[in-house]
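Only one structure is covered here, and it is reproduced in the block below.
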Amino acid sequence: MTAFLHENGITTVEPLTIGLWSIPTALCALFIHLFRLSRLDASIAREIHAWQSAEGKR
Amino acid sequence: MNTLFNMDLMLYLTGIIMLLVAWMTWRDQAHPKRWTSALFWLLFASTFLFSDVLFWLVGKSLTYRIYGVIVVLLALIAGLGGLGSGSHLVTAAGKMSAGITQVSRIGRKIFLPALLIPLITVFLSLAAKDWHVGHWFLLDQKNLTLASLLLACLTALLAACWLTRDTPLQAVRESRRLIDAIGWALILPQLLAMLGGVFVVAQTGQAIQSLVSLLFHPENRLSIVLVYCLGMTLLTMIMGNAFAAFPVMTAGVALPLLIHAQHANPALVVAIGMFSGYCGTLMTPMAANFNIVPAALLELKDNYQIIKVQIPTALAVLICNICLMMLFAFPA
């Protein structure tokens, strides 16, 4: 990416700066994934609960 | 100055592995499609092994044409269903129990060779740049990271052989088992990289730029940001590789309309543009090495299961990317 910018006349950008601007997206992806995993955990817990109560009735 | 571990060695070693795979496939009497499958892997091996010789023998343009024909042949063999899986997949269940006893003997040390690869790669690429013996550099000076990876893989292979008391040939046999499970998708990354090159040579970037300036007012930030981020996503979905889409979309949209015209922060724009491309990677079967190959290796019933699970995350991250670029890219 820096090589591409250098070829096009932008020489002030260092790889580390691009890495720094990756942090916001990384945090977003982390929170989105945490949210989806917590919903997955909740649905697994519900399934186990439903299965246990069905077993209990039998 | 010469180098010991360079790109030529890497290509030749890959070619030799593919050649052995072709040979083993041809020798496999129980293979349902042994002739066409062996031919497929032989043709693929030839792209690694003989390009230098052909270049030297018949010149540049004829070599390119020969490889063009080979690529078409590969596509025909795979497309007509000529690529099959060997008999080892059927017998794998019997061998599996022997494998499990061996693993329990070795214990957790079984992960050591795999962990050696990243550790040695990082160490060599940071420390071994100047290592040399006489006039021979240890590592390729232009491709330091790849040369480090090559040396790390060879070390890991030796460590694995020592740990399991097995031969490198067994590693090739296991490679063949994996390659059979992956099938034609194995050659997709190379073909997609070529496709990216074709897009650049065909000046797709300029075409997109004139199309965008025709449809949107160049002062309208939101529309340009949307075109760049969604364009990266869509082009990556088509090409299967964000790195192939990046020069096309960045030269076409981001450089002239965002960085030059609106003085947007170039580091932020290219970083978030690339991440928008990665959102496309999550949603496309063309990124076969990420989305289709694992589905095959895990023996999932639905080939597209991985993509289906990834789509909500990809779309949510894409929306975040667009918001982040709108919020932080432009000078106040």
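In the structure tokens, chains take the letters A, B, ... in the order shown, each chain's residues start at 1, and ligands count up from 1 in the order shown.
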Any chance you could tabulate, as a Markdown table, the residues of chain A at most 9 Å from chain B with each one's nearest atom pair and distance in Å to one decimal, using only C-alpha atoms, in chain and rising number order?
| residue | atom | partner | partner_atom | distance |
| --- | --- | --- | --- | --- |
| A:Met1 | CA | B:Val270 | CA | 7.3 |
| A:Thr2 | CA | B:Ala267 | CA | 8.6 |
| A:Phe4 | CA | B:Pro247 | CA | 7.3 |
| A:Leu5 | CA | B:Pro266 | CA | 8.2 |
| A:Asn8 | CA | B:Leu255 | CA | 8.4 |
| A:Ile10 | CA | B:Pro266 | CA | 8.2 |
| A:Val13 | CA | B:Ala267 | CA | 6.2 |
| A:Glu14 | CA | B:Ala267 | CA | 8.1 |
| A:Pro15 | CA | B:Ala267 | CA | 8.4 |
| A:Thr17 | CA | B:Ala267 | CA | 6.2 |
| A:Ile18 | CA | B:Ala267 | CA | 4.8 |
| A:Gly19 | CA | B:Ala271 | CA | 7.5 |
| A:Leu20 | CA | B:Leu268 | CA | 8.6 |
| A:Trp21 | CA | B:Leu268 | CA | 5.4 |
| A:Ser22 | CA | B:Ala271 | CA | 6.1 |
| A:Pro24 | CA | B:Leu324 | CA | 7.7 |
| A:Thr25 | CA | B:Asn321 | CA | 6.4 |
| A:Cys28 | CA | B:Val317 | CA | 6.6 |
| A:Ala29 | CA | B:Val317 | CA | 5.9 |
| A:Ile32 | CA | B:Thr313 | CA | 6.7 |
| A:His33 | CA | B:Thr313 | CA | 6.9 |
| A:Arg36 | CA | B:Thr313 | CA | 8.1 |
Selection export as a PDB file, in the first residue's frame, atoms kept: N, CA and C atoms:
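Output (out_8.pdb):
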ATOM      1  N   MET A   1       0.820  -1.207   0.000  1.00  0.00           N
ATOM      2  CA  MET A   1       0.000   0.000   0.000  1.00  0.00           C
ATOM      3  C   MET A   1       0.865   1.272   0.000  1.00  0.00           C
ATOM      4  N   THR A   2       1.934   1.256   0.848  1.00  0.00           N
ATOM      5  CA  THR A   2       2.832   2.422   0.836  1.00  0.00           C
ATOM      6  C   THR A   2       3.548   2.505  -0.508  1.00  0.00           C
ATOM      7  N   PHE A   4       2.385   1.663  -3.372  1.00  0.00           N
ATOM      8  CA  PHE A   4       1.429   2.238  -4.319  1.00  0.00           C
ATOM      9  C   PHE A   4       1.350   3.765  -4.141  1.00  0.00           C
ATOM     10  N   LEU A   5       1.286   4.229  -2.885  1.00  0.00           N
ATOM     11  CA  LEU A   5       1.211   5.678  -2.640  1.00  0.00           C
ATOM     12  C   LEU A   5       2.498   6.364  -3.095  1.00  0.00           C
ATOM     13  N   ASN A   8       2.612   6.968  -6.686  1.00  0.00           N
ATOM     14  CA  ASN A   8       1.704   8.015  -7.122  1.00  0.00           C
ATOM     15  C   ASN A   8       2.007   9.357  -6.466  1.00  0.00           C
ATOM     16  N   ILE A  10       2.851  10.294  -3.330  1.00  0.00           N
ATOM     17  CA  ILE A  10       2.610  10.612  -1.919  1.00  0.00           C
ATOM     18  C   ILE A  10       3.682   9.902  -1.116  1.00  0.00           C
ATOM     19  N   VAL A  13       3.727   9.078   3.691  1.00  0.00           N
ATOM     20  CA  VAL A  13       2.999   8.082   4.480  1.00  0.00           C
ATOM     21  C   VAL A  13       3.910   6.910   4.837  1.00  0.00           C
ATOM     22  N   GLU A  14       4.017   6.624   6.142  1.00  0.00           N
ATOM     23  CA  GLU A  14       4.787   5.474   6.620  1.00  0.00           C
ATOM     24  C   GLU A  14       3.842   4.296   6.863  1.00  0.00           C
ATOM     25  N   PRO A  15       4.364   3.046   6.727  1.00  0.00           N
ATOM     26  CA  PRO A  15       3.505   1.879   7.010  1.00  0.00           C
ATOM     27  C   PRO A  15       2.861   1.934   8.393  1.00  0.00           C
ATOM     28  N   THR A  17       1.809   4.499  10.044  1.00  0.00           N
ATOM     29  CA  THR A  17       0.647   5.390  10.071  1.00  0.00           C
ATOM     30  C   THR A  17      -0.589   4.666   9.561  1.00  0.00           C
ATOM     31  N   ILE A  18      -0.398   3.872   8.481  1.00  0.00           N
ATOM     32  CA  ILE A  18      -1.523   3.091   7.962  1.00  0.00           C
ATOM     33  C   ILE A  18      -1.979   2.095   9.027  1.00  0.00           C
ATOM     34  N   GLY A  19      -0.997   1.478   9.711  1.00  0.00           N
ATOM     35  CA  GLY A  19      -1.335   0.544  10.778  1.00  0.00           C
ATOM     36  C   GLY A  19      -2.124   1.225  11.883  1.00  0.00           C
ATOM     37  N   LEU A  20      -1.735   2.460  12.216  1.00  0.00           N
ATOM     38  CA  LEU A  20      -2.421   3.226  13.268  1.00  0.00           C
ATOM     39  C   LEU A  20      -3.890   3.463  12.905  1.00  0.00           C
ATOM     40  N   TRP A  21      -4.139   3.792  11.637  1.00  0.00           N
ATOM     41  CA  TRP A  21      -5.512   4.054  11.203  1.00  0.00           C
ATOM     42  C   TRP A  21      -6.303   2.763  11.008  1.00  0.00           C
ATOM     43  N   SER A  22      -5.660   1.618  11.266  1.00  0.00           N
ATOM     44  CA  SER A  22      -6.383   0.341  11.226  1.00  0.00           C
ATOM     45  C   SER A  22      -7.067   0.054  12.558  1.00  0.00           C
ATOM     46  N   PRO A  24      -9.210   1.798  14.544  1.00  0.00           N
ATOM     47  CA  PRO A  24     -10.668   1.975  14.685  1.00  0.00           C
ATOM     48  C   PRO A  24     -11.474   0.839  14.055  1.00  0.00           C
ATOM     49  N   THR A  25     -11.094   0.429  12.821  1.00  0.00           N
ATOM     50  CA  THR A  25     -11.818  -0.674  12.173  1.00  0.00           C
ATOM     51  C   THR A  25     -11.646  -1.969  12.967  1.00  0.00           C
ATOM     52  N   CYS A  28     -13.982  -1.891  15.860  1.00  0.00           N
ATOM     53  CA  CYS A  28     -15.354  -2.129  15.394  1.00  0.00           C
ATOM     54  C   CYS A  28     -15.566  -3.619  15.145  1.00  0.00           C
ATOM     55  N   ALA A  29     -14.622  -4.244  14.418  1.00  0.00           N
ATOM     56  CA  ALA A  29     -14.762  -5.667  14.088  1.00  0.00           C
ATOM     57  C   ALA A  29     -14.786  -6.494  15.370  1.00  0.00           C
ATOM     58  N   ILE A  32     -18.235  -6.027  17.053  1.00  0.00           N
ATOM     59  CA  ILE A  32     -19.276  -6.712  16.272  1.00  0.00           C
ATOM     60  C   ILE A  32     -19.187  -8.223  16.504  1.00  0.00           C
ATOM     61  N   HIS A  33     -17.954  -8.739  16.505  1.00  0.00           N
ATOM     62  CA  HIS A  33     -17.781 -10.175  16.680  1.00  0.00           C
ATOM     63  C   HIS A  33     -18.164 -10.602  18.103  1.00  0.00           C
ATOM     64  N   ARG A  36     -21.901 -10.772  18.261  1.00  0.00           N
ATOM     65  CA  ARG A  36     -22.465 -11.949  17.586  1.00  0.00           C
ATOM     66  C   ARG A  36     -22.174 -13.222  18.387  1.00  0.00           C
TER      67      ARG A  36
END
So that I can check the secondary structure, give me every residue of stretch 20-147 of chain B assigned alpha helix (DSSP H) by backbone DSSP, as JSON, numbers by chain. {"B": [20, 21, 22, 23, 24, 25, 26, 27, 34, 35, 36, 37, 38, 39, 40, 41, 42, 43, 44, 45, 46, 47, 48, 49, 51, 52, 53, 54, 55, 56, 57, 58, 60, 61, 62, 63, 64, 65, 66, 67, 68, 69, 70, 71, 72, 73, 74, 75, 76, 77, 78, 79, 88, 89, 90, 91, 92, 93, 94, 95, 96, 97, 98, 99, 100, 101, 102, 103, 104, 105, 106, 112, 113, 114, 115, 116, 117, 118, 119, 120, 121, 122, 123, 124, 125, 126, 127, 144, 145, 146, 147]}
With C-alpha atoms retained, could you export that selection as an mmCIF file, in the first residue's frame?
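Once written, selection.cif looks like this:
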data_model
loop_
_atom_site.group_PDB
_atom_site.id
_atom_site.type_symbol
_atom_site.label_atom_id
_atom_site.label_comp_id
_atom_site.auth_asym_id
_atom_site.auth_seq_id
_atom_site.Cartn_x
_atom_site.Cartn_y
_atom_site.Cartn_z
ATOM 1 C CA LEU B 20 5.637 -35.687 -6.976
ATOM 2 C CA VAL B 21 1.886 -35.245 -6.423
ATOM 3 C CA ALA B 22 1.307 -35.762 -10.173
ATOM 4 C CA TRP B 23 3.565 -38.857 -10.129
ATOM 5 C CA MET B 24 1.786 -40.360 -7.085
ATOM 6 C CA THR B 25 -1.605 -39.657 -8.681
ATOM 7 C CA TRP B 26 -0.530 -41.388 -11.907
ATOM 8 C CA ARG B 27 0.780 -44.407 -9.957
ATOM 9 C CA ARG B 34 -5.892 -40.945 -12.604
ATOM 10 C CA TRP B 35 -4.878 -39.821 -16.126
ATOM 11 C CA THR B 36 -6.633 -36.439 -16.210
ATOM 12 C CA SER B 37 -5.884 -35.706 -12.530
ATOM 13 C CA ALA B 38 -2.189 -36.496 -12.999
ATOM 14 C CA LEU B 39 -2.134 -34.331 -16.139
ATOM 15 C CA PHE B 40 -3.741 -31.450 -14.204
ATOM 16 C CA TRP B 41 -1.085 -31.498 -11.471
ATOM 17 C CA LEU B 42 1.696 -32.068 -14.036
ATOM 18 C CA LEU B 43 0.606 -28.966 -15.993
ATOM 19 C CA PHE B 44 0.384 -26.997 -12.742
ATOM 20 C CA ALA B 45 3.891 -28.203 -11.748
ATOM 21 C CA SER B 46 5.246 -27.133 -15.140
ATOM 22 C CA THR B 47 4.265 -23.496 -14.460
ATOM 23 C CA PHE B 48 6.693 -23.514 -11.503
ATOM 24 C CA LEU B 49 9.468 -25.650 -12.999
ATOM 25 C CA SER B 51 9.215 -21.153 -17.094
ATOM 26 C CA ASP B 52 12.896 -20.149 -16.807
ATOM 27 C CA VAL B 53 14.039 -22.840 -19.273
ATOM 28 C CA LEU B 54 11.307 -21.934 -21.775
ATOM 29 C CA PHE B 55 12.088 -18.243 -21.392
ATOM 30 C CA TRP B 56 15.697 -19.002 -22.270
ATOM 31 C CA LEU B 57 14.865 -21.465 -25.089
ATOM 32 C CA VAL B 58 11.992 -19.879 -27.024
ATOM 33 C CA LYS B 60 9.354 -14.186 -23.831
ATOM 34 C CA SER B 61 6.288 -13.938 -26.052
ATOM 35 C CA LEU B 62 6.119 -17.646 -26.981
ATOM 36 C CA THR B 63 6.560 -18.630 -23.288
ATOM 37 C CA TYR B 64 3.629 -16.394 -22.361
ATOM 38 C CA ARG B 65 1.507 -18.021 -25.063
ATOM 39 C CA ILE B 66 2.458 -21.544 -23.958
ATOM 40 C CA TYR B 67 1.451 -20.714 -20.382
ATOM 41 C CA GLY B 68 -1.765 -19.149 -21.626
ATOM 42 C CA VAL B 69 -2.599 -22.461 -23.338
ATOM 43 C CA ILE B 70 -1.666 -24.357 -20.144
ATOM 44 C CA VAL B 71 -4.027 -22.180 -18.062
ATOM 45 C CA VAL B 72 -6.855 -22.841 -20.558
ATOM 46 C CA LEU B 73 -6.097 -26.586 -20.402
ATOM 47 C CA LEU B 74 -6.181 -26.499 -16.581
ATOM 48 C CA ALA B 75 -9.563 -24.754 -16.689
ATOM 49 C CA LEU B 76 -10.884 -27.287 -19.232
ATOM 50 C CA ILE B 77 -9.735 -30.324 -17.216
ATOM 51 C CA ALA B 78 -11.262 -28.933 -13.985
ATOM 52 C CA GLY B 79 -14.385 -27.638 -15.740
ATOM 53 C CA HIS B 88 -6.189 -42.538 0.067
ATOM 54 C CA LEU B 89 -9.353 -40.708 1.126
ATOM 55 C CA VAL B 90 -11.186 -44.042 1.288
ATOM 56 C CA THR B 91 -8.468 -45.717 3.313
ATOM 57 C CA ALA B 92 -7.892 -42.685 5.528
ATOM 58 C CA ALA B 93 -10.246 -43.933 8.245
ATOM 59 C CA GLY B 94 -8.125 -47.065 8.791
ATOM 60 C CA LYS B 95 -4.912 -45.071 8.959
ATOM 61 C CA MET B 96 -6.511 -42.503 11.255
ATOM 62 C CA SER B 97 -6.441 -44.806 14.312
ATOM 63 C CA ALA B 98 -2.713 -45.470 13.751
ATOM 64 C CA GLY B 99 -2.239 -41.704 13.442
ATOM 65 C CA ILE B 100 -4.066 -41.075 16.717
ATOM 66 C CA THR B 101 -1.830 -43.513 18.662
ATOM 67 C CA GLN B 102 1.193 -41.759 17.159
ATOM 68 C CA VAL B 103 -0.156 -38.344 18.171
ATOM 69 C CA SER B 104 -0.789 -39.493 21.733
ATOM 70 C CA ARG B 105 2.846 -40.707 21.886
ATOM 71 C CA ILE B 106 4.196 -37.335 20.731
ATOM 72 C CA LEU B 112 5.911 -27.369 17.617
ATOM 73 C CA PRO B 113 6.705 -27.516 13.855
ATOM 74 C CA ALA B 114 3.649 -25.399 12.984
ATOM 75 C CA LEU B 115 4.585 -22.810 15.628
ATOM 76 C CA LEU B 116 8.180 -22.730 14.369
ATOM 77 C CA ILE B 117 7.023 -21.286 11.027
ATOM 78 C CA PRO B 118 5.798 -17.835 12.256
ATOM 79 C CA LEU B 119 8.477 -17.608 14.974
ATOM 80 C CA ILE B 120 11.406 -18.285 12.619
ATOM 81 C CA THR B 121 9.894 -16.102 9.860
ATOM 82 C CA VAL B 122 9.592 -13.074 12.147
ATOM 83 C CA PHE B 123 13.022 -13.682 13.696
ATOM 84 C CA LEU B 124 14.797 -14.066 10.323
ATOM 85 C CA SER B 125 13.073 -11.121 8.655
ATOM 86 C CA LEU B 126 14.114 -8.878 11.567
ATOM 87 C CA ALA B 127 17.595 -10.225 12.292
ATOM 88 C CA LEU B 144 13.234 -10.788 2.698
ATOM 89 C CA THR B 145 9.930 -11.883 4.255
ATOM 90 C CA LEU B 146 9.227 -14.575 1.656
ATOM 91 C CA ALA B 147 12.790 -15.919 1.870
#
Atom CA of B:Ala244 to atom CA of B:Gly280 measures 12.2 Å
